[in-house]
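Each remark here refers to the structure printed beneath this line.
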Amino acid sequence: VQLVESGGGLVQPGGSLRLSCVVSAFTFSSLTMSWYRQAPGKERELVVTITSAGGSTNYVDSVKGRFTISRDNAKNTVYLQMNSLKPEDTAVYYCYTNLGGYPLWGQGTQVTISS
């Protein structure tokens, strides 16, 4: 099983990005998926989780109202729409799931917010 993120980049404050994570698992529709991020010198933190049924939970307070998680089970893909980006959102963003007790991470995608 592989998780492959894409969509990161360099944007100015106030801009938007949409991250994607494609999961190579036929059981994708039954998986709870999460986005984490790790800023330089900081611990990795949970940004948001989406259940198999599409319910989103656990938005970290700092992104509430600005980030939206969604999923397309037909495409085995989970998305993170990020709006009104701030310099403090700069981090490597990781896709995560747990498959049968095994934690699985993507390789990460760099998001840099700078003018």
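Ligands are numbered from 1 in the order shown, residues from 1 within each chain, and chains are lettered A, B, ... in the order they appear in the structure tokens.
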Extract, using only C-alpha atoms, all DNA, RNA and protein residues at most 12 Å from Asn58 in chain A, discarding same-chain residues fewer than 2 positions from it, and format them as a PyMOL selection string.
chain A and resi 33-36+45-51+55-56+60-64+67-69
Taking 4 positions as the minimum chain separation for residues in the same chain, which residues sit within 9 Å of Arg37 in chain A when counting only C-alpha atoms? Answer as a short mmCIF file (atom, residue, chain, number, x, y, z; two decimals) with C-alpha atoms, in the first residue's frame.
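This is the output file around17.cif:
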data_model
loop_
_atom_site.label_atom_id
_atom_site.label_comp_id
_atom_site.auth_asym_id
_atom_site.auth_seq_id
_atom_site.Cartn_x
_atom_site.Cartn_y
_atom_site.Cartn_z
CA GLU A 43 6.69 18.00 16.26
CA ARG A 44 4.37 16.50 13.71
CA GLU A 45 0.78 17.53 14.43
CA LEU A 46 -2.58 16.22 13.35
CA VAL A 47 -4.35 18.70 11.08
CA ASP A 89 1.11 27.04 7.81
CA THR A 90 4.55 26.40 6.33
CA ALA A 91 5.34 22.73 6.87
CA VAL A 92 5.69 19.36 5.25
CA TYR A 93 2.21 17.90 4.96
CA TYR A 94 1.74 14.15 5.29
CA CYS A 95 -1.10 11.84 4.46
CA GLY A 108 5.15 14.33 2.41
#
Residues of range 51-85 of chain A in strand (DSSP E) according to DSSP, as a ChimeraX atom specification?
/A:56-57,67-72,77-82
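Using only C-alpha atoms, the residues found no farther than 9 Å from Gly9 in chain A, other than those of its own chain fewer than 5 positions away, are Leu17, Thr109, Gln110, Val111, Thr112 and Ile113 of chain A.
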Selection from above, all heavy atoms, as a compact mmCIF listing (two decimals), in the first residue's frame, can you write it?
# COMPACT_ATOMS: atom_id res chain seq x y z
N LEU A 17 -4.03 26.46 -1.68
CA LEU A 17 -3.47 25.26 -2.27
C LEU A 17 -4.43 24.11 -2.02
O LEU A 17 -5.16 24.12 -1.02
CB LEU A 17 -2.11 24.90 -1.65
CG LEU A 17 -0.87 25.69 -2.06
CD1 LEU A 17 0.32 25.27 -1.19
CD2 LEU A 17 -0.54 25.48 -3.52
N THR A 109 4.61 16.40 1.34
CA THR A 109 4.70 17.45 0.32
C THR A 109 4.93 18.78 1.02
O THR A 109 4.27 19.10 2.01
CB THR A 109 3.44 17.47 -0.56
OG1 THR A 109 3.61 18.41 -1.62
CG2 THR A 109 2.18 17.80 0.21
N GLN A 110 5.88 19.54 0.52
CA GLN A 110 6.27 20.80 1.17
C GLN A 110 5.31 21.91 0.80
O GLN A 110 5.02 22.14 -0.38
CB GLN A 110 7.68 21.18 0.75
CG GLN A 110 8.16 22.52 1.31
CD GLN A 110 8.41 22.48 2.81
OE1 GLN A 110 9.06 21.57 3.30
NE2 GLN A 110 7.89 23.48 3.52
N VAL A 111 4.85 22.60 1.82
CA VAL A 111 4.02 23.79 1.65
C VAL A 111 4.76 24.96 2.28
O VAL A 111 5.11 24.90 3.47
CB VAL A 111 2.64 23.62 2.30
CG1 VAL A 111 1.87 24.93 2.30
CG2 VAL A 111 1.84 22.54 1.58
N THR A 112 5.02 25.98 1.49
CA THR A 112 5.73 27.15 1.98
C THR A 112 4.91 28.39 1.69
O THR A 112 4.51 28.63 0.55
CB THR A 112 7.10 27.29 1.32
OG1 THR A 112 7.87 26.11 1.55
CG2 THR A 112 7.87 28.49 1.87
N ILE A 113 4.65 29.14 2.75
CA ILE A 113 3.87 30.38 2.63
C ILE A 113 4.81 31.54 2.90
O ILE A 113 5.31 31.72 4.01
CB ILE A 113 2.70 30.40 3.61
CG1 ILE A 113 1.92 29.07 3.58
CG2 ILE A 113 1.79 31.59 3.30
CD1 ILE A 113 1.43 28.67 2.23
Neighbours of Val1 in chain A within 8 Å (only C-alpha atoms; same-chain residues fewer than 6 positions away dropped), as JSON, numbers by chain?
{"A": [23, 24, 25]}
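Residues in contact range of Val78 in chain A, defined as at most 8 Å between only C-alpha atoms, with sequence neighbours fewer than 5 positions away removed, read Ser20, Cys21, Val22, Met33, Ile69, Ser70, Arg71 and Asp72 of chain A.
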Quick one: residues within 9 Å of Ser84 in chain A, only C-alpha atoms counted, chain neighbours fewer than 2 positions away excluded, as a ChimeraX atom specification?
/A:13-16,66-67,82,86
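For the pair CA of Thr77 in chain A and CA of Lys42 in chain A, the separation is 27.3 Å.
Between Asn76 in chain A and the residues A:Ser52, A:Ser29, A:Thr57, A:Gln2, the shortest atom-to-atom distance, using only C-alpha atoms, involves A:Ser29.
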Residues of chain A classed as helix (DSSP H, G or I) by DSSP on the backbone are to be reported as a PyMOL selection string.
chain A and resi 28-30+61-63+73-75+87-89
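You will find CA of Phe26 in chain A at 20.1 Å from CA of Ser6 in chain A.
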Suppose you want the space between CA of Leu19 in chain A and CA of Tyr79 in chain A; what is it in Å?
5.5 Å
Show which residues sit within 8 Å of Leu104 in chain A, as a tab-separated table (two decimals) with C-alpha atoms, in the first residue's frame. Count only C-alpha atoms, and ignore same-chain residues fewer than 4 positions away.
chain	number	residue	atom	x	y	z
A	2	GLN	CA	1.34	3.43	-0.94
A	3	LEU	CA	0.24	6.93	-0.08
A	96	TYR	CA	-1.71	9.07	7.03
A	97	THR	CA	-3.84	6.02	7.58
A	98	ASN	CA	-3.84	2.93	9.70
A	99	LEU	CA	-4.37	-0.33	7.86
